[in-house]
>>> print(open('coords22.txt').read())   # compact mmCIF, C-alpha atoms
# COMPACT_ATOMS: atom_id res chain seq x y z
CA MET A 28 2.48 0.49 20.83
CA VAL A 29 0.66 0.22 17.53
CA VAL A 30 -1.14 -2.91 16.42
CA VAL A 31 -3.41 -3.51 13.48
CA LEU A 32 -6.86 -5.09 13.35
CA ARG A 33 -7.97 -6.43 10.00
CA ILE A 34 -11.71 -7.07 9.96
CA GLY A 35 -13.88 -9.15 7.66
CA HIS A 36 -11.19 -11.46 6.25
CA ARG A 37 -12.51 -14.07 3.82
CA CYS A 38 -10.37 -17.15 3.34
CA VAL A 39 -9.91 -17.49 -0.40
CA ARG A 40 -10.93 -14.08 -1.70
CA ASP A 41 -8.80 -12.01 0.71
CA GLN A 42 -5.84 -14.26 1.38
CA ARG A 43 -3.28 -12.33 -0.63
CA LEU A 44 -4.55 -8.89 0.33
CA THR A 45 -4.69 -9.76 4.02
CA THR A 46 -1.17 -11.17 3.73
CA HIS A 47 -0.07 -7.84 2.22
CA VAL A 48 -1.84 -6.00 5.06
CA CYS A 49 0.06 -8.12 7.60
CA LEU A 50 3.46 -7.73 5.91
CA ALA A 51 3.00 -4.00 5.39
CA ALA A 52 1.98 -3.67 9.05
CA ARG A 53 5.23 -5.41 10.05
CA ALA A 54 7.51 -3.57 7.61
CA PHE A 55 6.10 -0.15 8.52
CA GLY A 56 6.39 -0.49 12.26
CA ALA A 57 3.32 -2.12 13.82
CA GLU A 58 3.93 -4.70 16.53
CA GLY A 59 1.39 -7.21 15.30
CA VAL A 60 -1.90 -7.84 13.61
CA TYR A 61 -5.19 -9.29 14.78
CA ILE A 62 -7.29 -10.82 12.04
CA HIS A 63 -11.05 -11.06 12.33
CA GLY A 64 -13.09 -13.12 9.90
CA GLU A 65 -12.91 -16.64 8.51
CA LYS A 66 -10.38 -18.99 10.09
CA ASP A 67 -7.27 -19.14 7.89
CA GLU A 68 -4.36 -21.11 9.30
CA LYS A 69 -2.35 -20.84 6.08
CA LEU A 70 -2.41 -17.05 6.34
CA VAL A 71 -1.12 -16.95 9.93
CA GLU A 72 1.49 -19.62 9.13
CA GLY A 73 2.70 -17.64 6.13
CA VAL A 74 3.16 -14.45 8.12
CA THR A 75 4.83 -16.30 11.00
CA LYS A 76 7.26 -17.87 8.53
CA VAL A 77 8.20 -14.44 7.16
CA VAL A 78 8.85 -13.17 10.70
CA GLY A 79 11.07 -16.21 11.43
CA LYS A 80 13.18 -15.54 8.37
CA TRP A 81 13.27 -11.72 8.33
CA GLY A 82 13.38 -11.03 12.06
CA GLY A 83 11.56 -8.93 14.61
CA LYS A 84 8.81 -9.90 17.03
CA PHE A 85 5.72 -9.25 14.94
CA PHE A 86 2.69 -11.40 15.75
CA ALA A 87 -0.33 -12.45 13.67
CA GLN A 88 -3.35 -13.78 15.53
CA GLN A 89 -6.93 -14.53 14.62
CA ILE A 90 -9.78 -13.28 16.79
CA GLY A 91 -13.49 -14.07 16.97
CA ASN A 92 -15.97 -11.29 17.65
CA TRP A 93 -14.42 -7.89 16.85
CA VAL A 94 -17.03 -5.97 18.85
CA ALA A 95 -15.99 -7.74 22.07
CA PHE A 96 -12.30 -7.35 21.16
CA VAL A 97 -12.62 -3.61 20.60
CA LYS A 98 -14.59 -3.20 23.83
CA GLU A 99 -11.82 -4.96 25.77
CA TRP A 100 -9.16 -2.85 24.02
CA LYS A 101 -10.90 0.34 25.01
CA GLY A 102 -11.44 -0.96 28.54
CA GLN A 103 -7.64 -1.27 28.83
CA GLY A 104 -7.19 2.37 27.86
CA GLY A 105 -6.42 1.68 24.19
CA LYS A 106 -7.48 4.03 21.41
CA ILE A 107 -8.76 3.20 17.93
CA ALA A 108 -7.99 4.73 14.56
CA HIS A 109 -10.28 3.32 11.88
CA LEU A 110 -9.05 3.90 8.35
CA THR A 111 -11.91 4.83 6.02
CA MET A 112 -12.17 7.04 2.97
CA TYR A 113 -15.05 8.85 4.73
CA GLY A 114 -12.96 9.97 7.69
CA GLU A 115 -10.95 13.06 8.58
CA LYS A 116 -7.80 13.75 6.58
CA VAL A 117 -4.78 11.86 7.89
CA GLN A 118 -2.62 14.96 7.46
CA ASP A 119 -4.98 16.88 9.79
CA VAL A 120 -5.31 14.36 12.61
CA VAL A 121 -2.13 12.27 12.72
CA GLY A 122 -0.33 14.76 14.96
CA LYS A 123 -2.97 14.25 17.63
CA ILE A 124 -3.12 10.47 17.12
CA ARG A 125 0.67 10.22 17.51
CA LYS A 126 0.24 11.15 21.14
CA GLU A 127 -1.80 7.99 21.79
CA LYS A 128 0.46 5.39 23.31
CA LYS A 129 -1.70 2.28 22.79
CA LEU A 130 -3.23 2.40 19.36
CA LEU A 131 -5.27 -0.07 17.33
CA VAL A 132 -5.38 0.73 13.62
CA VAL A 133 -8.41 -0.86 11.95
CA VAL A 134 -8.66 -1.76 8.26
CA GLY A 135 -11.66 -3.50 6.75
CA ALA A 136 -11.87 -5.94 3.88
CA GLU A 137 -15.24 -4.96 2.41
CA LYS A 138 -17.92 -2.70 3.83
CA VAL A 139 -17.36 -1.92 7.49
CA GLU A 140 -20.34 -1.83 9.86
CA LYS A 141 -21.49 1.40 11.44
CA GLU A 142 -20.50 0.12 14.88
CA MET A 143 -16.83 0.50 13.97
CA TYR A 144 -17.29 4.15 13.02
CA LEU A 145 -18.92 4.67 16.40
CA ALA A 146 -16.33 2.69 18.37
CA ALA A 147 -13.39 4.48 16.73
CA ASP A 148 -11.75 7.42 18.50
CA TYR A 149 -10.61 8.58 15.08
CA ASN A 150 -12.05 7.81 11.65
CA VAL A 151 -9.16 8.62 9.34
CA ALA A 152 -9.04 9.04 5.55
CA VAL A 153 -5.85 8.56 3.57
CA THR A 154 -7.20 10.58 0.64
CA SER A 155 -10.96 10.34 0.14
CA GLN A 156 -10.43 8.40 -3.07
CA PRO A 157 -11.01 4.66 -3.59
CA HIS A 158 -7.73 2.74 -3.51
CA SER A 159 -6.45 0.05 -1.17
CA GLU A 160 -6.42 -0.79 2.52
CA VAL A 161 -2.76 -1.78 2.07
CA ALA A 162 -1.94 1.72 0.78
CA ALA A 163 -4.03 3.41 3.47
CA LEU A 164 -2.41 1.44 6.28
CA THR A 165 1.09 2.05 4.93
CA ILE A 166 0.68 5.81 4.58
CA PHE A 167 -0.98 6.00 7.99
CA LEU A 168 1.91 4.14 9.69
CA ASP A 169 4.46 6.18 7.73
CA ARG A 170 2.90 9.42 8.96
CA TYR A 171 2.46 8.10 12.50
CA PHE A 172 6.15 7.14 12.70
CA GLU A 173 7.20 10.22 10.71
CA GLY A 174 9.13 8.18 8.17
CA ASN A 175 11.51 6.73 10.76
CA GLU A 176 10.17 3.24 10.18
CA LEU A 177 11.93 3.12 6.79
CA GLY A 178 15.28 2.70 8.50
CA ARG A 179 14.11 0.17 11.06
CA GLU A 180 16.23 -2.91 11.83
CA PHE A 181 14.69 -6.29 12.62
CA GLY A 182 16.54 -8.27 15.26
CA GLY A 183 17.30 -11.98 14.84
CA ALA A 184 16.88 -12.03 11.05
CA LYS A 185 18.17 -15.07 9.17
CA VAL A 186 18.57 -13.03 5.98
CA LYS A 187 19.15 -9.37 5.37
CA ILE A 188 19.29 -7.41 2.16
CA VAL A 189 22.10 -4.99 1.42
CA PRO A 190 20.80 -2.09 -0.74
CA ASN A 191 22.19 -2.34 -4.27
CA LYS A 192 22.03 -0.16 -7.37
CA CYS A 193 21.51 -3.15 -9.64
CA GLY A 194 21.15 -6.78 -8.66
CA LYS A 195 20.65 -8.65 -5.41
CA SER A 196 22.89 -8.66 -2.34
CA VAL A 197 21.70 -10.88 0.47
CA LEU A 198 23.41 -11.50 3.81
CA VAL A 199 22.68 -14.99 5.12
CA CYS A 200 23.12 -14.79 8.89
CA ASN A 201 23.82 -18.24 10.24
CA LYS A 202 24.66 -18.68 13.91
CA GLY A 203 26.59 -15.45 14.07
CA ALA A 204 28.46 -16.00 10.82
CA LYS A 205 27.37 -13.91 7.87
CA GLN A 206 27.66 -15.24 4.38
CA TYR A 207 27.24 -12.99 1.38
CA LYS A 208 25.17 -14.09 -1.61
CA GLY A 209 25.39 -11.55 -4.39
CA GLU A 210 23.79 -11.83 -7.79
CA MET A 211 25.03 -8.74 -9.57
CA CYS A 212 23.95 -7.12 -12.80
CA MET B 13 4.76 12.98 -15.78
CA VAL B 14 4.69 9.78 -13.79
CA VAL B 15 3.12 6.57 -15.06
CA VAL B 16 3.18 3.08 -13.63
CA LEU B 17 4.02 -0.21 -15.31
CA ARG B 18 2.74 -3.35 -13.63
CA ILE B 19 4.46 -6.44 -15.00
CA GLY B 20 3.55 -10.10 -14.87
CA HIS B 21 -0.17 -9.74 -14.18
CA ARG B 22 -2.03 -13.04 -13.98
CA CYS B 23 -5.75 -12.94 -14.60
CA VAL B 24 -7.34 -14.66 -11.64
CA ARG B 25 -4.53 -14.75 -9.08
CA ASP B 26 -3.57 -11.08 -9.34
CA GLN B 27 -6.85 -9.39 -10.22
CA ARG B 28 -7.49 -7.74 -6.87
CA LEU B 29 -3.88 -6.83 -6.20
CA THR B 30 -3.41 -5.33 -9.66
CA THR B 31 -6.65 -3.41 -9.16
CA HIS B 32 -5.24 -2.04 -5.91
CA VAL B 33 -2.00 -1.14 -7.72
CA CYS B 34 -4.01 0.77 -10.34
CA LEU B 35 -6.22 2.59 -7.82
CA ALA B 36 -3.28 3.47 -5.59
CA ALA B 37 -1.39 4.76 -8.65
CA ARG B 38 -4.36 7.03 -9.44
CA ALA B 39 -5.03 8.19 -5.87
CA PHE B 40 -1.37 8.99 -5.21
CA GLY B 41 -0.74 11.04 -8.31
CA ALA B 42 0.31 8.88 -11.28
CA GLU B 43 -1.23 9.73 -14.65
CA GLY B 44 -1.95 6.18 -15.68
CA VAL B 45 -0.92 2.55 -15.58
CA TYR B 46 0.29 0.11 -18.21
CA ILE B 47 -0.40 -3.52 -17.40
CA HIS B 48 1.75 -6.28 -18.81
CA GLY B 49 0.72 -9.93 -18.53
CA GLU B 50 -2.41 -11.92 -19.21
CA LYS B 51 -5.23 -10.12 -20.98
CA ASP B 52 -7.81 -9.00 -18.42
CA GLU B 53 -10.65 -6.87 -19.76
CA LYS B 54 -12.54 -6.97 -16.47
CA LEU B 55 -9.59 -5.34 -14.71
CA VAL B 56 -9.28 -2.46 -17.18
CA GLU B 57 -13.07 -1.97 -17.20
CA GLY B 58 -13.15 -1.84 -13.42
CA VAL B 59 -10.46 0.83 -13.21
CA THR B 60 -12.04 2.85 -16.03
CA LYS B 61 -15.36 2.74 -14.17
CA VAL B 62 -13.73 4.13 -11.02
CA VAL B 63 -12.17 6.97 -13.02
CA GLY B 64 -15.56 7.79 -14.59
CA LYS B 65 -17.18 8.04 -11.17
CA TRP B 66 -14.38 9.63 -9.11
CA GLY B 67 -12.88 11.94 -11.72
CA GLY B 68 -9.50 12.76 -13.18
CA LYS B 69 -7.91 11.55 -16.40
CA PHE B 70 -6.17 8.41 -15.25
CA PHE B 71 -5.73 5.69 -17.88
CA ALA B 72 -5.30 1.91 -17.61
CA GLN B 73 -3.98 0.10 -20.65
CA GLN B 74 -2.66 -3.37 -21.31
CA ILE B 75 0.58 -3.88 -23.20
CA GLY B 76 2.25 -6.89 -24.81
CA ASN B 77 6.02 -7.28 -24.59
CA TRP B 78 7.42 -5.17 -21.73
CA VAL B 79 10.97 -5.31 -23.05
CA ALA B 80 9.95 -3.56 -26.28
CA PHE B 81 7.78 -1.12 -24.32
CA VAL B 82 10.62 -0.14 -22.00
CA LYS B 83 13.00 0.26 -24.92
CA GLU B 84 10.60 2.63 -26.63
CA TRP B 85 10.08 4.55 -23.38
CA LYS B 86 13.80 5.05 -22.97
CA GLY B 87 14.13 5.97 -26.65
CA GLN B 88 11.72 8.84 -25.97
CA GLY B 89 13.91 10.14 -23.17
CA GLY B 90 11.89 8.53 -20.37
CA LYS B 91 13.51 7.20 -17.20
CA ILE B 92 12.67 4.10 -15.21
CA ALA B 93 12.42 3.52 -11.46
CA HIS B 94 11.97 -0.17 -10.70
CA LEU B 95 10.68 -0.87 -7.20
CA THR B 96 12.42 -3.86 -5.66
CA MET B 97 13.40 -4.77 -2.11
CA TYR B 98 16.94 -5.28 -3.38
CA GLY B 99 17.38 -1.70 -4.60
CA GLU B 100 18.75 1.51 -3.13
CA LYS B 101 16.84 3.09 -0.27
CA VAL B 102 13.98 5.30 -1.47
CA GLN B 103 14.89 7.94 1.11
CA ASP B 104 18.40 8.16 -0.42
CA VAL B 105 17.50 8.38 -4.10
CA VAL B 106 14.06 9.98 -4.40
CA GLY B 107 15.48 13.51 -4.39
CA LYS B 108 17.43 12.71 -7.54
CA ILE B 109 14.54 10.82 -9.15
CA ARG B 110 12.20 13.76 -8.52
CA LYS B 111 14.17 15.73 -11.09
CA GLU B 112 13.19 13.27 -13.83
CA LYS B 113 10.30 14.71 -15.79
CA LYS B 114 9.12 11.56 -17.59
CA LEU B 115 9.16 8.67 -15.21
CA LEU B 116 7.97 5.08 -15.45
CA VAL B 117 7.58 3.37 -12.07
CA VAL B 118 7.72 -0.40 -12.42
CA VAL B 119 6.16 -2.89 -9.99
CA GLY B 120 6.23 -6.63 -10.55
CA ALA B 121 3.72 -9.27 -9.55
CA GLU B 122 6.04 -12.18 -8.80
CA LYS B 123 9.75 -12.55 -9.51
CA VAL B 124 11.02 -9.90 -11.90
CA GLU B 125 13.53 -10.86 -14.58
CA LYS B 126 17.11 -9.62 -14.49
CA GLU B 127 16.51 -7.57 -17.66
CA MET B 128 14.35 -5.14 -15.69
CA TYR B 129 17.10 -4.51 -13.14
CA LEU B 130 19.41 -3.75 -16.06
CA ALA B 131 16.93 -1.57 -17.95
CA ALA B 132 16.07 0.50 -14.87
CA ASP B 133 17.78 3.84 -14.28
CA TYR B 134 16.99 3.36 -10.60
CA ASN B 135 16.33 0.18 -8.66
CA VAL B 136 14.57 1.46 -5.56
CA ALA B 137 13.75 -0.26 -2.27
CA VAL B 138 10.92 0.91 -0.03
CA THR B 139 12.43 -0.83 3.00
CA SER B 140 14.35 -4.01 2.23
CA GLN B 141 11.66 -6.07 3.95
CA PRO B 142 9.07 -8.27 2.25
CA HIS B 143 5.69 -6.55 2.10
CA SER B 144 3.55 -5.44 -0.83
CA GLU B 145 3.93 -3.83 -4.24
CA VAL B 146 0.89 -1.70 -3.36
CA ALA B 147 2.66 -0.36 -0.27
CA ALA B 148 5.94 0.16 -2.13
CA LEU B 149 4.27 2.05 -4.97
CA THR B 150 2.28 4.21 -2.58
CA ILE B 151 5.25 5.24 -0.45
CA PHE B 152 7.34 5.86 -3.56
CA LEU B 153 4.69 8.17 -5.08
CA ASP B 154 4.15 9.87 -1.73
CA ARG B 155 7.86 10.64 -1.44
CA TYR B 156 8.13 11.64 -5.11
CA PHE B 157 5.25 14.14 -4.74
CA GLU B 158 6.38 15.13 -1.22
CA GLY B 159 2.97 14.40 0.28
CA ASN B 160 1.21 16.97 -1.89
CA GLU B 161 -0.81 14.26 -3.63
CA LEU B 162 -2.87 13.77 -0.45
CA GLY B 163 -4.71 17.02 -1.12
CA ARG B 164 -5.20 16.46 -4.84
CA GLU B 165 -8.56 17.22 -6.47
CA PHE B 166 -9.94 15.11 -9.32
CA GLY B 167 -11.80 17.09 -11.96
CA GLY B 168 -15.15 15.97 -13.35
CA ALA B 169 -16.01 13.66 -10.46
CA LYS B 170 -19.60 12.43 -10.16
CA VAL B 171 -19.21 11.86 -6.43
CA LYS B 172 -16.97 13.43 -3.86
CA ILE B 173 -16.48 12.65 -0.19
CA VAL B 174 -16.55 15.34 2.46
CA PRO B 175 -14.21 14.38 5.35
CA ASN B 176 -16.21 13.51 8.43
CA LYS B 177 -15.35 12.63 12.05
CA CYS B 178 -17.92 9.86 12.14
CA GLY B 179 -20.16 8.63 9.36
CA LYS B 180 -20.37 9.22 5.63
CA SER B 181 -20.82 12.50 3.78
CA VAL B 182 -21.01 12.19 0.02
CA LEU B 183 -21.57 14.96 -2.51
CA VAL B 184 -23.35 13.72 -5.62
CA CYS B 185 -22.41 16.08 -8.43
CA ASN B 186 -25.06 15.96 -11.12
CA LYS B 187 -24.82 18.30 -14.11
CA GLY B 188 -23.46 21.15 -12.04
CA ALA B 189 -25.91 20.69 -9.17
CA LYS B 190 -24.58 19.19 -5.97
CA GLN B 191 -26.71 17.02 -3.81
CA TYR B 192 -25.66 15.99 -0.32
CA LYS B 193 -26.09 12.43 0.92
CA GLY B 194 -25.12 12.13 4.56
CA GLU B 195 -25.31 9.02 6.70
CA MET B 196 -24.23 10.23 10.11
CA CYS B 197 -23.26 8.38 13.26
>>> encode(input="coords22.txt", output="structure tokens")
Amino acid sequence: MVVVLRIGHRCVRDQRLTTHVCLAARAFGAEGVYIHGEKDEKLVEGVTKVVGKWGGKFFAQQIGNWVAFVKEWKGQGGKIAHLTMYGEKVQDVVGKIRKEKKLLVVVGAEKVEKEMYLAADYNVAVTSQPHSEVAALTIFLDRYFEGNELGREFGGAKVKIVPNKCGKSVLVCNKGAKQYKGEMC
Amino acid sequence: MVVVLRIGHRCVRDQRLTTHVCLAARAFGAEGVYIHGEKDEKLVEGVTKVVGKWGGKFFAQQIGNWVAFVKEWKGQGGKIAHLTMYGEKVQDVVGKIRKEKKLLVVVGAEKVEKEMYLAADYNVAVTSQPHSEVAALTIFLDRYFEGNELGREFGGAKVKIVPNKCGKSVLVCNKGAKQYKGEMC
């Protein structure tokens, strides 16, 4: 079980990036995302809408105090991997982390407080270069799931894309019946 | 040689996401990024500043008409991989694409016009799920470089991070001398 915790979300400034964090978490195999920071109903609604259309059981939920949340998580036997450019190399530690069965992957918006570095069981760097929490999370999940998440199916989807060399092929799944909508090159 | 083309950039709405696209392109091994869309000096300045501090020779440059740009690229023998959720699976086609020696990787901001699907030598899907152009680009580059980009060094860096289990270790490289700044847990 892998879930993501996004900390420090700010309503206007981070809305698109946090949305990308949530969607990448879903697409690359996490079961859900907890969002700490400013209340943002539009964000949670948007992610929930994507799940309704594209399938799977992914959840997005806002939380209050992340310190209390993390304490409870650890109290239940959960482990924490905090993604930070200052951490250990993902390629060195992911093999060990893969053995953890209840994992919280933490990504910050801006500067992350020292308490998170201390609370984390693993501080993990996806390169030690500045880039993007979306990229870091994606590579981390990809390594954790050893690439298998790329072929994942999402149950109960209303639409499904059929890979295509050029153009768009979309299966519209309606009450069992599947209708094909193809816009070809 | 791999460079990235970001199309459809909009100044305010996309500034942070395009910045993440640029920084991910750099961190995961591309040589530079061309940005099509609204003129955005702040964006290019920001990326250039990161390169100055963190090293390497990555470039960020704005272009006008992408259709003309792509035509010229192809005229010079370059190939194009357009990342789209509608394309062929990255895991199926990346082996073939890796043989291309001059590659332009295209990521859109919003809806991409049909002409790009037609111009592309490869339309490539990094999962057929909705997520993020930052995630798609990162996984594509990671697969293209077979993970080797994670250990890449950037020449001429002014600062460099030393991987750390907990806390921050930064080497400040000043005219040949290296000074250590460590903030430990």
>>> residues_around(input="coords22.txt", residues="Leu198 of chain A", least_positions_apart="3", cutoff="7 Å", atoms="only C-alpha atoms", output="PDB file with C-alpha atoms, keeping the file's coordinate frame")
ATOM      1  CA  VAL A 186      18.570 -13.030   5.980  1.00  0.00           C
ATOM      2  CA  LYS A 187      19.150  -9.370   5.370  1.00  0.00           C
ATOM      3  CA  ILE A 188      19.290  -7.410   2.160  1.00  0.00           C
ATOM      4  CA  LYS A 205      27.370 -13.910   7.870  1.00  0.00           C
ATOM      5  CA  GLN A 206      27.660 -15.240   4.380  1.00  0.00           C
ATOM      6  CA  TYR A 207      27.240 -12.990   1.380  1.00  0.00           C
ATOM      7  CA  LYS A 208      25.170 -14.090  -1.610  1.00  0.00           C
TER       8      LYS A 208
END
>>> closest_residue(input="coords22.txt", among="B:Phe157, B:Trp66, B:Tyr129, B:Phe152", to="Lys192 of chain A", atoms="only C-alpha atoms")
B:Tyr129
>>> closest_residue(input="coords22.txt", among="B:Phe40, B:Trp85, B:Tyr98, B:Tyr46", to="chain A", atoms="all atoms listed in the file")
B:Tyr98
>>> residues_around(input="coords22.txt", residues="segment 164-167 of chain B", least_positions_apart="2", cutoff="8 Å", atoms="only C-alpha atoms", output="PDB file with C-alpha atoms, keeping the file's coordinate frame")
ATOM      1  CA  GLY B  41      -0.740  11.040  -8.310  1.00  0.00           C
ATOM      2  CA  TRP B  66     -14.380   9.630  -9.110  1.00  0.00           C
ATOM      3  CA  GLY B  67     -12.880  11.940 -11.720  1.00  0.00           C
ATOM      4  CA  GLY B  68      -9.500  12.760 -13.180  1.00  0.00           C
ATOM      5  CA  ASN B 160       1.210  16.970  -1.890  1.00  0.00           C
ATOM      6  CA  GLU B 161      -0.810  14.260  -3.630  1.00  0.00           C
ATOM      7  CA  LEU B 162      -2.870  13.770  -0.450  1.00  0.00           C
ATOM      8  CA  ALA B 169     -16.010  13.660 -10.460  1.00  0.00           C
TER       9      ALA B 169
END
>>> interface_residues(input="coords22.txt", of="chain A", to="chain B", cutoff="7 Å", atoms="only C-alpha atoms", output="ChimeraX atom specification")
/A:44,47,50-51,54,113-116,144-145,149-150,154-159,161-162,165-166,177,188,190-196,212
>>> atom_distance(input="coords22.txt", atom1="atom CA of Val56 of chain B", atom2="atom CA of Phe71 of chain B")
8.9 Å
>>> atom_distance(input="coords22.txt", atom1="atom CA of Gly79 of chain A", atom2="atom CA of Ala204 of chain A")
17.4 Å
>>> atom_distance(input="coords22.txt", atom1="atom CA of Met13 of chain B", atom2="atom CA of Ile109 of chain B")
12.0 Å
>>> residues_around(input="coords22.txt", residues="Gly44 of chain B", least_positions_apart="4", cutoff="6 Å", atoms="only C-alpha atoms", output="tab-separated table (two decimals) with C-alpha atoms, in the coordinates of the input")
chain	number	residue	atom	x	y	z
B	15	VAL	CA	3.12	6.57	-15.06
B	70	PHE	CA	-6.17	8.41	-15.25
B	71	PHE	CA	-5.73	5.69	-17.88
B	72	ALA	CA	-5.30	1.91	-17.61
>>> closest_residue(input="coords22.txt", among="A:Leu131, A:Val199, A:Val121, A:Glu140", to="Arg170 of chain A", atoms="only C-alpha atoms")
A:Val121
>>> residues_near_point(input="coords22.txt", point="(-7.4, 1.9, 11.8)", cutoff="7 Å", atoms="all atoms listed in the file", output="ChimeraX atom specification")
/A:31,107-110,131-134
>>> closest_residue(input="coords22.txt", among="B:Lys187, B:Lys54, B:His48, B:Lys108", to="Lys170 of chain B", atoms="all atoms listed in the file")
B:Lys187
